[in-house]
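Enquirer: One structure, as structure tokens, below. Some questions next.
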Amino acid sequence: MRANSSIIYLTILVALVLQIIPMPTGVDAYRPDWLLIILCYWGMALPNRVSVGVAAICGFILDLLYGTALGVHSIALAIPIFIVNANCQKLRNQSMIQQVIAIMLLSIVHHLCIFWVQYWVVSLEFRWSLFWPTLSTIILWPWIFWLLRKLRRQFNVA
Amino acid sequence: MNDFFLRGPSLQSRLIIVLVVSALAIVVEARVNQVKSLRAYLTSFVSPVQYLADMPGEVLNWSAHRFSSRQRMLEENDKLTTQLTLLNGELQRLDALKFENNNLRQLLAAPVKRDMYKIVAELMSLDNNPYSHQIVIDKGGMNSVYSGQAVIDSTGIIGQILEVGTTNSRVLLITDTSHAIPVRVGRTNFMSIAVGTGDYFELQLQHVPHSADVREGDLISSSGLGNVFPKGYPVGTVKTVISDESQPFKQVLVTPSANMGRLKFLLLLWTADKKPEGAISSTELKMLQRTLNEGE
């Protein structure tokens with residue numbers, strides 16, 4: 001039981017690395033929300049393992065890595081994961097198209113939360129480029145979903 | 001099938017706890033100064049992730065070095081030798097000028113300019129956050145980097161150190177919206193403050209009166225006021241000047257001389273009184289060069 005759940009933390013670590021890996025400036029604006037979708041999958045499949053608390057800890061680590069005020073990303077991750085946790089059974093039974101739409105909305109919520117909290121801490125102006133990562137995120141979701149489900153079944157993560 | 005029955009507090013109360021803790025963390029960090037050291041400690045705690053993220057690039061670099069052909073290395077060596085000779089030629093002229101300048105300064109009883117000590121640092125990661133222009137470099141408290149230290153590269157001023165970790169530190173770029181640097185227009189000695197706009201290729205000069213003589217193409221360098229950036233390092237060139245009399249000030253936009261999107265090797269500057277281990281000044285560099293030449 002104990003060893004199996006390590007795969008969850010391994011995927012989260014990979015997501016954290018992917019969040020900060022250096023990319024060319026042009027492509028950087030489209031960096032998918034790796035951590036968000038990986039937490040979304042585990043929050044949907046195993047809500048008793050990955051919940052709001054894990055999301056908040058990941059958020060704090062991301063804040064340290066990004067140099068943003070401590071708490072910005074933990075709020076921005078905890079809220080979408082709360083929504084996923086609360087609706088996990090609905091989400092599991094939805095078709096891929098419906099899931100993609102749900103992920104799109106969650107990603108928008110995530111970025112709006114970051115913007116709102118940052119706006120409260122340091123004043124900044126709204127830009128539409130804020131939502132560009134949402135595009136790459138929804139393209140990525142079906143593949144991540146498939147990959148993580150395969151991993152979950154292979155290693156019997158519970 | 002009891003996998004979605006939560007143990008412990010309910011989902012709603014968990015969310016509320018997390019939100020309260022996060023909000024508290026934000027407020028405490030903004031108001032209390034003492035937590036800065038705690039943050040530096042936590043930052044060095046997560047730095048392994050940073051190193052992990054940096055690794056693919058390092059491996060690529062290493063393999064590029066390893067597998068680049070002998071021919072190309074020789075060509076590169078030739079090119080670098082030519083460049084070094086040319087630069088040394090330029091340096092000789094600069095040396096004479098520096099000597100003359102110091103002599104004149106002594107005549108005027110003005111303080112003689114001191115050498116700066118430098119250490120080369122390498123870029124580790126660039127933030128993808130559109131609201132903050134920050135980078136992480138591979139030198140930290142162990143190399144006696146200090147908060148507020150000036151960072152330059154071979155083309156101009158990059159920014160200043162924001163947070164110091166044990167082995168790495170975070171640099172705030174001059175293009176960040178929260179950054180301002182005191183500058184001087186080279187042609188007219190007009191003083192102003194260049195503020196970041198959140199665009200990697202643009203700075204804006206603040207409070208430029210309509211009577212000020214600022215033209216497109218003017219070189220902007222650091223003025224040395226404020227004691228963060230040393231005097232005379234290039235900051236940028238004036239890109240556009242919009243003089244609209246209905247506005248209180250001229251709008252002057254500056255292109256930074258350093259390309260913030262393509263940073264790789266950076267230089268950290270120390271004044272003589274804060275000299276760290278392993279740092280070298282230009283005079284020492286010259287002595288080193290002389291001994292190398294004699295060795296040949």
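Naming scheme: A, B, ... for chains in displayed order of the structure tokens; residues 1 onward per chain; ligands 1 onward as shown.
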Going by DSSP on the backbone, which residues of chain A come out as helix (DSSP H, G or I)? List them as number ranges by chain.
Expert: A: 6-20, 25-28, 34-45, 52-66, 72-86, 88-92, 96-121, 128-154
Enquirer: Could you name the residues that touch segment 139-153 of chain A at 8 Å or less, counting only C-alpha atoms, but leaving out those on the same chain fewer than 2 positions away, as an mmCIF file with N, CA and C atoms, in the first residue's frame?
Expert:
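Result written to result.cif:
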```
data_model
loop_
_atom_site.group_PDB
_atom_site.id
_atom_site.type_symbol
_atom_site.label_atom_id
_atom_site.label_comp_id
_atom_site.auth_asym_id
_atom_site.auth_seq_id
_atom_site.Cartn_x
_atom_site.Cartn_y
_atom_site.Cartn_z
ATOM 1 N N PRO A 32 2.238 24.626 -20.322
ATOM 2 C CA PRO A 32 1.002 24.080 -19.733
ATOM 3 C C PRO A 32 1.075 24.071 -18.206
ATOM 4 N N ILE A 37 -2.794 19.912 -13.817
ATOM 5 C CA ILE A 37 -3.486 18.772 -14.408
ATOM 6 C C ILE A 37 -3.122 17.468 -13.714
ATOM 7 N N ILE A 38 -1.883 17.362 -13.251
ATOM 8 C CA ILE A 38 -1.510 16.118 -12.563
ATOM 9 C C ILE A 38 -2.237 16.020 -11.221
ATOM 10 N N TYR A 41 -5.841 15.070 -11.972
ATOM 11 C CA TYR A 41 -6.071 13.654 -12.237
ATOM 12 C C TYR A 41 -6.121 12.864 -10.930
ATOM 13 N N MET A 96 -14.564 12.393 -22.724
ATOM 14 C CA MET A 96 -13.312 13.155 -22.805
ATOM 15 C C MET A 96 -13.581 14.625 -23.109
ATOM 16 N N VAL A 100 -12.418 17.723 -20.918
ATOM 17 C CA VAL A 100 -11.546 18.789 -21.426
ATOM 18 C C VAL A 100 -12.147 20.156 -21.096
ATOM 19 N N ILE A 103 -11.548 20.821 -17.472
ATOM 20 C CA ILE A 103 -10.154 21.184 -17.223
ATOM 21 C C ILE A 103 -9.886 22.609 -17.678
ATOM 22 N N LEU A 135 -4.708 26.953 -23.201
ATOM 23 C CA LEU A 135 -4.775 26.289 -24.509
ATOM 24 C C LEU A 135 -3.937 25.017 -24.518
ATOM 25 N N SER A 136 -2.655 25.152 -24.120
ATOM 26 C CA SER A 136 -1.772 23.983 -24.151
ATOM 27 C C SER A 136 -2.215 22.950 -23.118
ATOM 28 N N THR A 137 -2.795 23.439 -22.008
ATOM 29 C CA THR A 137 -3.251 22.518 -20.966
ATOM 30 C C THR A 137 -4.358 21.612 -21.478
ATOM 31 N N PHE A 155 0.708 0.064 -11.709
ATOM 32 C CA PHE A 155 1.332 -0.036 -10.395
ATOM 33 C C PHE A 155 0.310 -0.222 -9.284
ATOM 34 N N ASN A 156 -0.956 -0.327 -9.686
ATOM 35 C CA ASN A 156 -2.023 -0.584 -8.715
ATOM 36 C C ASN A 156 -2.015 0.447 -7.580
ATOM 37 N N VAL A 157 -1.932 1.709 -7.984
ATOM 38 C CA VAL A 157 -1.901 2.783 -6.999
ATOM 39 C C VAL A 157 -3.274 2.928 -6.364
ATOM 40 N N ALA A 158 -3.313 2.968 -5.034
ATOM 41 C CA ALA A 158 -4.610 3.127 -4.369
ATOM 42 C C ALA A 158 -4.451 4.017 -3.138
#
```
Enquirer: May I ask you to extract the residues of chain A within 9 Å of chain B, using only C-alpha atoms, and to give them as an MDAnalysis selection string?
Expert: chainID A and resid 13 16:25 28:29 31 46:49 51:53 56 60:61 64:75 78:79 82 85:86 88 118 121:122 124:125 129:130 158
